[in-house]
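A.B. asks: My questions all concern the structure below.
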Amino acid sequence: MGMFEVMQGVVPVETQGLPERFLLPANWYTDPRWMEIERRAIFRRTWLYAGDSAQLDQPGMVWAKTIAGMPLLICRDRDGELRAFHNVCPHRAALLQPEVGVQSCRQIVCPYHAWVYDLRGQLVGVPSQGQFAPSFDRQDHALQPIRLETWAGFMFVCLDDQVPPLQEHLGSIDANLGQHRTPATQLLLVKQYTVACNWKNYHDNTLCDYHVAIAHRTTLNRVQGPIRQYQHQLESFVNLLYTPTTDPWQSENPILPQLQGHSRDGFFTYGIYPNLHLLGLPNGILAWIHIQPLTVDACQVRLEVYGTPEFSPQPDALLAEFEAFMAEDMALTESVQQGYASGAYTPGPVNGLETRIVHQQQLIWQAVTAFYQGKEGNY
Ligand code: FES
Ligand SMILES: [Fe+2]
């Protein structure tokens, strides 16, 4: 079955403008054929979170990682510049660095036939080169560079040359959270979970401002405060829930002195297309929740919490706080996944507190629709 037939079979017929409160049908979360479509229509056409550049603090460091199912290499070259490549040898497709993680090396040597690349991606050595055709030229086989840009030291990659710069993608994030990272900021906590639900299901949950006062009553709800103070902002590719910090929070937390205005007063919860969340608090906490597809009904949820030790809570306290509400979310999203798979569900009505879900789902819908129409994605 071709992709167009897959699309026709599982989405509503009308593609001319979305109903105002449109939600994706259940089979977008359960039919494995969406995985490849999403990879091509979404993940290869936008900015993807790639981690903290401080992990590559010395020239010669190379980080192999998998982003949205794609094996990538991020290097700091001899001149200190960050570069990204596919972790795939142009000769016979072996993974250049098969083990995920950071290594220090002068050159990248493919384990299969030992082609050698420098950290700018140039092919600089080929065993038995004389046995290739006389026209063989090393310059024709360099690693193809992938776009890489940073915000506040955090790296993002993009496989599409047409997509506007990262700064545009991130909207108001820099204005509101650009000062939260200080020279003393450190990675305080990393936790990775495999959750038995589709990646969009977990993303929807993290965008859902309807369940917090109910499912996270004694956890996240205590930081976000009463619903009447919620403020939403929808932008091109990000959306924001802003809540003023509560009195108990303020009495327990010092505030970074350099923060101004709303950045001092509030808890910023950003949803970032396609699969990322950033939580920022005026005690210097910046927390990424990155949701990567594994299979149609499993995803990897990675939590990275950064902070400034003098101001931010201790890692143990942070772990307890984040794990509590994330455990609540995992139970809910796994239950929703079973509901989607039941065949008994069509999307119910949308509450105003679910606006951010609709916003992100519209972007997903538009990306997939544009892909089928042969257009340039969302841009
Ligand atoms: S596959 Fe890399 S050198 Fe052959
Ligand atoms: Fe939640």
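Chain labels A, B, ... are given in the sequence in which chains occur in the structure tokens; within each chain residues are numbered consecutively from 1, and ligands are likewise numbered from 1 in the order shown.
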Might you pull out every residue within 12 Å of Gln229 in chain A, with only C-alpha atoms counted and same-chain residues fewer than 5 positions away left off, and present them as a list of chain:residue names?

C.D. replies: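 Here the answer would be A:Asp209, A:Val223, A:Gln224, A:Leu241, A:Tyr242, A:Thr243, A:Pro244, A:Thr245, A:Thr246, A:Gly266, A:Phe267.
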
A.B. asks: For the selection you just gave me, I'd like the residues written to a file as a PDB file, in the first residue's frame, keeping C-alpha atoms.

C.D. replies:
ATOM      1  CA  ASP A 209      -3.174  22.074  31.129  1.00  0.00           C
ATOM      2  CA  VAL A 223       4.273  24.860  41.401  1.00  0.00           C
ATOM      3  CA  GLN A 224       1.832  25.964  38.693  1.00  0.00           C
ATOM      4  CA  LEU A 241       1.763  28.258  29.707  1.00  0.00           C
ATOM      5  CA  TYR A 242       2.863  31.030  32.056  1.00  0.00           C
ATOM      6  CA  THR A 243       1.978  30.865  35.723  1.00  0.00           C
ATOM      7  CA  PRO A 244       3.161  33.292  38.398  1.00  0.00           C
ATOM      8  CA  THR A 245       5.260  31.553  41.031  1.00  0.00           C
ATOM      9  CA  THR A 246       3.284  30.818  44.180  1.00  0.00           C
ATOM     10  CA  GLY A 266       6.907  33.148  36.692  1.00  0.00           C
ATOM     11  CA  PHE A 267       7.064  29.517  35.766  1.00  0.00           C
TER      12      PHE A 267
END

A.B. asks: Residues within 9 Å of ligand 1 (only C-alpha atoms and all ligand atoms), as number ranges by chain?

C.D. replies: A: 88-96, 109-116, 126-127

A.B. asks: Taking a cut-off of 8 Å and counting only C-alpha atoms, can you build a table that, for each residue of range 185-246 of chain A near range 284-300 of chain A, reports the nearest atom pair and how far apart they are in Å (one decimal), sorted by chain then residue number, as a tab-separated table?

C.D. replies:
residue	atom	partner	partner_atom	distance
A:Thr185	CA	A:Gly284	CA	7.9
A:Gln192	CA	A:Gln300	CA	6.9
A:Tyr193	CA	A:Gln300	CA	5.7
A:Thr194	CA	A:Gln300	CA	4.6
A:Val195	CA	A:Cys299	CA	5.4
A:Ala196	CA	A:Ala298	CA	4.4
A:Cys197	CA	A:Asp297	CA	4.5
A:Asn198	CA	A:Asp297	CA	4.4
A:Trp199	CA	A:Pro293	CA	5.2
A:Tyr202	CA	A:Ile291	CA	7.3
A:His203	CA	A:Ile291	CA	6.9

A.B. asks: If you count only C-alpha atoms, which residues fall within 9 Å of Glu235 in chain A, apart from same-chain ones fewer than 3 positions away, as number ranges by chain?

C.D. replies: A: 170-172, 238-240, 359

A.B. asks: Between CA of Gln107 in chain A and CA of Ser53 in chain A, what distance in Å does the model show, to one decimal?

C.D. replies: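 Here the two named atoms are 19.4 Å from each other.
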
A.B. asks: Throw together the list of residues within 7 Å of ligand 2, counting only C-alpha atoms and all ligand atoms, and drop it here as a list in words.

C.D. replies: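 Counting only what the definition allows, namely only C-alpha atoms and all ligand atoms, the set is Asn205, Thr206, Cys208, His211, Val212, His216, Phe325, Met326, Glu328 and Asp329 of chain A.
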
A.B. asks: Take the residues just selected and output them with N, CA and C atoms as a CSV table (one decimal), in the first residue's frame.

C.D. replies:
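File written: selection17.csv
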chain,number,residue,atom,x,y,z
A,205,ASN,N,0.1,14.9,26.5
A,205,ASN,CA,-0.1,15.0,27.9
A,205,ASN,C,0.7,16.2,28.5
A,206,THR,N,1.9,16.3,28.0
A,206,THR,CA,2.8,17.4,28.6
A,206,THR,C,2.2,18.8,28.2
A,208,CYS,N,-1.0,19.3,28.1
A,208,CYS,CA,-2.3,19.4,28.6
A,208,CYS,C,-2.4,20.2,29.9
A,211,HIS,N,-5.4,18.6,33.0
A,211,HIS,CA,-5.2,17.5,34.0
A,211,HIS,C,-4.4,17.8,35.2
A,212,VAL,N,-3.7,19.0,35.1
A,212,VAL,CA,-2.6,19.2,36.1
A,212,VAL,C,-3.3,19.4,37.5
A,216,HIS,N,-2.1,15.8,38.9
A,216,HIS,CA,-0.9,16.2,39.5
A,216,HIS,C,-1.2,17.2,40.7
A,325,PHE,N,5.7,13.7,39.3
A,325,PHE,CA,4.6,14.0,38.3
A,325,PHE,C,4.8,13.2,37.0
A,326,MET,N,6.1,12.8,36.7
A,326,MET,CA,6.3,12.1,35.5
A,326,MET,C,5.7,10.6,35.6
A,328,GLU,N,3.1,9.9,37.3
A,328,GLU,CA,1.7,10.1,37.1
A,328,GLU,C,1.3,10.2,35.6
A,329,ASP,N,2.2,10.9,34.9
A,329,ASP,CA,1.9,11.0,33.4
A,329,ASP,C,2.1,9.7,32.7

A.B. asks: Which residue, A:Leu319, A:Val358, A:Leu281, A:Leu353, has the smallest gap to Ser263 in chain A when you use only C-alpha atoms?

C.D. replies: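 Closest residue, counting only C-alpha atoms: A:Leu281.
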
A.B. asks: Give the helix (DSSP H, G or I) residues of range 133-190 of chain A, as DSSP finds them on the backbone, and put them as a ChimeraX atom specification.

C.D. replies: /A:138-141,166-169,173-177

A.B. asks: Go ahead and write the residues just picked, C-alpha atoms, as a PDB file, in the first residue's frame.

C.D. replies:
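So out_21.pdb came out as:
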ATOM      1  CA  ARG A 138      38.248  11.680  -1.945  1.00  0.00           C
ATOM      2  CA  GLN A 139      36.610  15.084  -2.157  1.00  0.00           C
ATOM      3  CA  ASP A 140      33.482  13.473  -3.611  1.00  0.00           C
ATOM      4  CA  HIS A 141      32.919  11.388  -0.491  1.00  0.00           C
ATOM      5  CA  LEU A 166      16.498  28.185  15.146  1.00  0.00           C
ATOM      6  CA  GLN A 167      15.865  31.565  16.747  1.00  0.00           C
ATOM      7  CA  GLU A 168      12.660  31.901  14.733  1.00  0.00           C
ATOM      8  CA  HIS A 169      11.568  28.406  15.650  1.00  0.00           C
ATOM      9  CA  ILE A 173      11.857  31.488  24.525  1.00  0.00           C
ATOM     10  CA  ASP A 174      14.979  33.610  24.338  1.00  0.00           C
ATOM     11  CA  ALA A 175      13.184  36.729  25.586  1.00  0.00           C
ATOM     12  CA  ASN A 176      11.750  34.887  28.579  1.00  0.00           C
ATOM     13  CA  LEU A 177      14.390  32.293  29.456  1.00  0.00           C
TER      14      LEU A 177
END

A.B. asks: Any idea what the distance is between CA of Arg217 in chain A and CA of Phe22 in chain A?

C.D. replies: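 Between CA of Arg217 in chain A and CA of Phe22 in chain A the gap is 27.5 Å.
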
A.B. asks: How far is it from CA of Val157 in chain A to CA of Ala50 in chain A, in Å with one decimal?

C.D. replies: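 If I compute the distance from CA of Val157 in chain A to CA of Ala50 in chain A, I get 6.4 Å.
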
A.B. asks: Can you tell me, as a count of residues only, what residues are no more than 7 Å from range 62-73 of chain A when counting only C-alpha atoms, ignoring any on the same chain fewer than 5 positions away?

C.D. replies: 14

A.B. asks: Mind checking which residues fall within 9 Å of Gln186 in chain A, counting only C-alpha atoms, ignoring those fewer than 2 positions away in the same chain, and posting them as a count of residues only?

C.D. replies: 11

A.B. asks: Give the strand (DSSP E) residues of range 195-296 of chain A, as assigned by DSSP on the backbone, as a ChimeraX atom specification.

C.D. replies: /A:195,231-234,238-244,266-272,276-280,286-295

A.B. asks: Nearest to Gly60 in chain A: which of A:Leu207, A:Ala152, A:Cys75, A:Ser251 is it, counting only C-alpha atoms?

C.D. replies: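 Using only C-alpha atoms, Gly60 in chain A sits closest to A:Cys75.
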
A.B. asks: When you look at range 23-29 of chain A with a cut-off of 10 Å (counting only C-alpha atoms), what residues show up, excluding the ones that are within fewer than 3 positions of it in the same chain? I need them as number ranges by chain.

C.D. replies: A: 7, 9-12, 18-20, 32-35, 38, 197-201, 296-297, 336-337, 339-350, 357-362, 364-365

A.B. asks: Could you write out that same residue set with N, CA and C atoms as a compact mmCIF listing (two decimals), in the first residue's frame?

C.D. replies:
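Saved file out-v8.txt follows:
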# COMPACT_ATOMS: atom_id res chain seq x y z
N MET A 7 -2.58 7.51 4.05
CA MET A 7 -3.10 8.80 4.47
C MET A 7 -4.60 8.88 4.26
N GLY A 9 -6.66 6.52 4.04
CA GLY A 9 -7.41 5.57 4.86
C GLY A 9 -7.63 6.03 6.28
N VAL A 10 -6.79 6.88 6.79
CA VAL A 10 -6.85 7.11 8.23
C VAL A 10 -7.13 8.55 8.66
N VAL A 11 -7.23 9.47 7.78
CA VAL A 11 -7.53 10.83 8.24
C VAL A 11 -8.88 11.28 7.68
N PRO A 12 -9.49 12.25 8.33
CA PRO A 12 -10.75 12.77 7.80
C PRO A 12 -10.54 13.30 6.39
N LEU A 18 -8.66 23.54 9.03
CA LEU A 18 -9.00 22.64 10.12
C LEU A 18 -10.17 23.15 10.92
N PRO A 19 -10.99 22.23 11.40
CA PRO A 19 -11.97 22.68 12.40
C PRO A 19 -11.20 23.33 13.54
N GLU A 20 -11.79 24.30 14.19
CA GLU A 20 -11.06 25.09 15.17
C GLU A 20 -10.45 24.23 16.28
N PRO A 32 1.42 1.53 12.67
CA PRO A 32 2.89 1.67 12.52
C PRO A 32 3.31 2.36 11.24
N ARG A 33 2.43 2.42 10.23
CA ARG A 33 2.81 3.07 8.98
C ARG A 33 3.06 4.56 9.16
N TRP A 34 2.51 5.14 10.24
CA TRP A 34 2.77 6.57 10.47
C TRP A 34 4.22 6.86 10.83
N MET A 35 4.92 5.85 11.33
CA MET A 35 6.30 6.10 11.80
C MET A 35 7.18 6.68 10.69
N GLU A 38 5.93 10.14 9.53
CA GLU A 38 6.31 11.21 10.47
C GLU A 38 7.80 11.52 10.37
N CYS A 197 3.74 4.13 25.06
CA CYS A 197 2.74 4.94 24.36
C CYS A 197 3.41 5.60 23.17
N ASN A 198 2.61 6.01 22.21
CA ASN A 198 3.09 6.75 21.05
C ASN A 198 3.70 8.09 21.52
N TRP A 199 4.72 8.55 20.82
CA TRP A 199 5.40 9.79 21.24
C TRP A 199 4.43 10.98 21.29
N LYS A 200 3.46 11.01 20.37
CA LYS A 200 2.52 12.15 20.35
C LYS A 200 1.62 12.13 21.57
N ASN A 201 1.33 10.92 22.04
CA ASN A 201 0.49 10.77 23.21
C ASN A 201 1.17 11.41 24.43
N VAL A 296 5.59 2.53 17.17
CA VAL A 296 4.34 3.31 17.17
C VAL A 296 3.72 3.37 18.57
N ASP A 297 3.98 2.36 19.39
CA ASP A 297 3.39 2.41 20.73
C ASP A 297 4.44 2.39 21.85
N VAL A 336 -4.07 5.80 28.13
CA VAL A 336 -4.66 6.40 26.91
C VAL A 336 -4.26 5.58 25.68
N GLN A 337 -3.02 5.10 25.65
CA GLN A 337 -2.58 4.31 24.51
C GLN A 337 -3.47 3.07 24.34
N GLY A 339 -6.51 2.86 25.29
CA GLY A 339 -7.79 3.36 24.81
C GLY A 339 -7.78 3.63 23.31
N TYR A 340 -6.69 4.24 22.83
CA TYR A 340 -6.57 4.49 21.39
C TYR A 340 -6.58 3.18 20.60
N ALA A 341 -5.91 2.16 21.16
CA ALA A 341 -5.80 0.89 20.44
C ALA A 341 -7.08 0.07 20.50
N SER A 342 -8.03 0.49 21.32
CA SER A 342 -9.23 -0.31 21.54
C SER A 342 -10.16 -0.34 20.33
N GLY A 343 -10.02 0.65 19.45
CA GLY A 343 -10.95 0.74 18.33
C GLY A 343 -12.28 1.35 18.74
N ALA A 344 -12.40 1.76 19.99
CA ALA A 344 -13.68 2.25 20.51
C ALA A 344 -13.69 3.76 20.69
N TYR A 345 -12.67 4.44 20.18
CA TYR A 345 -12.53 5.86 20.53
C TYR A 345 -12.48 6.76 19.30
N THR A 346 -13.29 7.81 19.33
CA THR A 346 -13.07 8.94 18.41
C THR A 346 -12.91 10.17 19.30
N PRO A 347 -12.13 11.18 18.87
CA PRO A 347 -11.79 12.28 19.79
C PRO A 347 -13.03 12.97 20.38
N GLY A 348 -12.99 13.15 21.69
CA GLY A 348 -14.06 13.85 22.40
C GLY A 348 -13.86 15.34 22.34
N PRO A 349 -14.74 16.11 23.00
CA PRO A 349 -14.68 17.58 22.93
C PRO A 349 -13.41 18.12 23.57
N VAL A 350 -13.03 19.33 23.14
CA VAL A 350 -11.78 19.94 23.59
C VAL A 350 -12.07 21.06 24.58
N ILE A 357 -2.57 21.54 23.13
CA ILE A 357 -2.54 20.26 22.40
C ILE A 357 -3.00 20.49 20.97
N VAL A 358 -4.10 21.22 20.83
CA VAL A 358 -4.64 21.49 19.49
C VAL A 358 -3.59 22.22 18.66
N HIS A 359 -2.94 23.19 19.27
CA HIS A 359 -1.93 23.98 18.55
C HIS A 359 -0.84 23.08 17.98
N GLN A 360 -0.30 22.18 18.80
CA GLN A 360 0.77 21.31 18.31
C GLN A 360 0.24 20.27 17.33
N GLN A 361 -0.95 19.78 17.55
CA GLN A 361 -1.50 18.78 16.62
C GLN A 361 -1.78 19.40 15.26
N GLN A 362 -2.15 20.66 15.24
CA GLN A 362 -2.35 21.33 13.96
C GLN A 362 -1.05 21.41 13.18
N ILE A 364 1.40 19.29 13.39
CA ILE A 364 1.67 17.93 12.90
C ILE A 364 0.80 17.64 11.68
N TRP A 365 -0.46 17.97 11.80
CA TRP A 365 -1.39 17.78 10.68
C TRP A 365 -0.94 18.53 9.44

A.B. asks: Find the residues near Ala142 in chain A: any atom within 6 Å, counting only C-alpha atoms, skip ones fewer than 5 places away on the same chain, and give them as a PDB file with N, CA and C atoms, in the first residue's frame.

C.D. replies:
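Final output, saved to part_38.pdb:
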ATOM      1  N   GLY A 121      34.665  16.564   8.493  1.00  0.00           N
ATOM      2  CA  GLY A 121      33.915  15.667   7.616  1.00  0.00           C
ATOM      3  C   GLY A 121      34.620  15.327   6.328  1.00  0.00           C
ATOM      4  N   GLN A 122      35.847  15.836   6.139  1.00  0.00           N
ATOM      5  CA  GLN A 122      36.570  15.543   4.888  1.00  0.00           C
ATOM      6  C   GLN A 122      37.152  14.138   4.938  1.00  0.00           C
ATOM      7  N   LEU A 123      37.058  13.439   3.826  1.00  0.00           N
ATOM      8  CA  LEU A 123      37.663  12.106   3.723  1.00  0.00           C
ATOM      9  C   LEU A 123      39.160  12.296   3.500  1.00  0.00           C
TER      10      LEU A 123
END
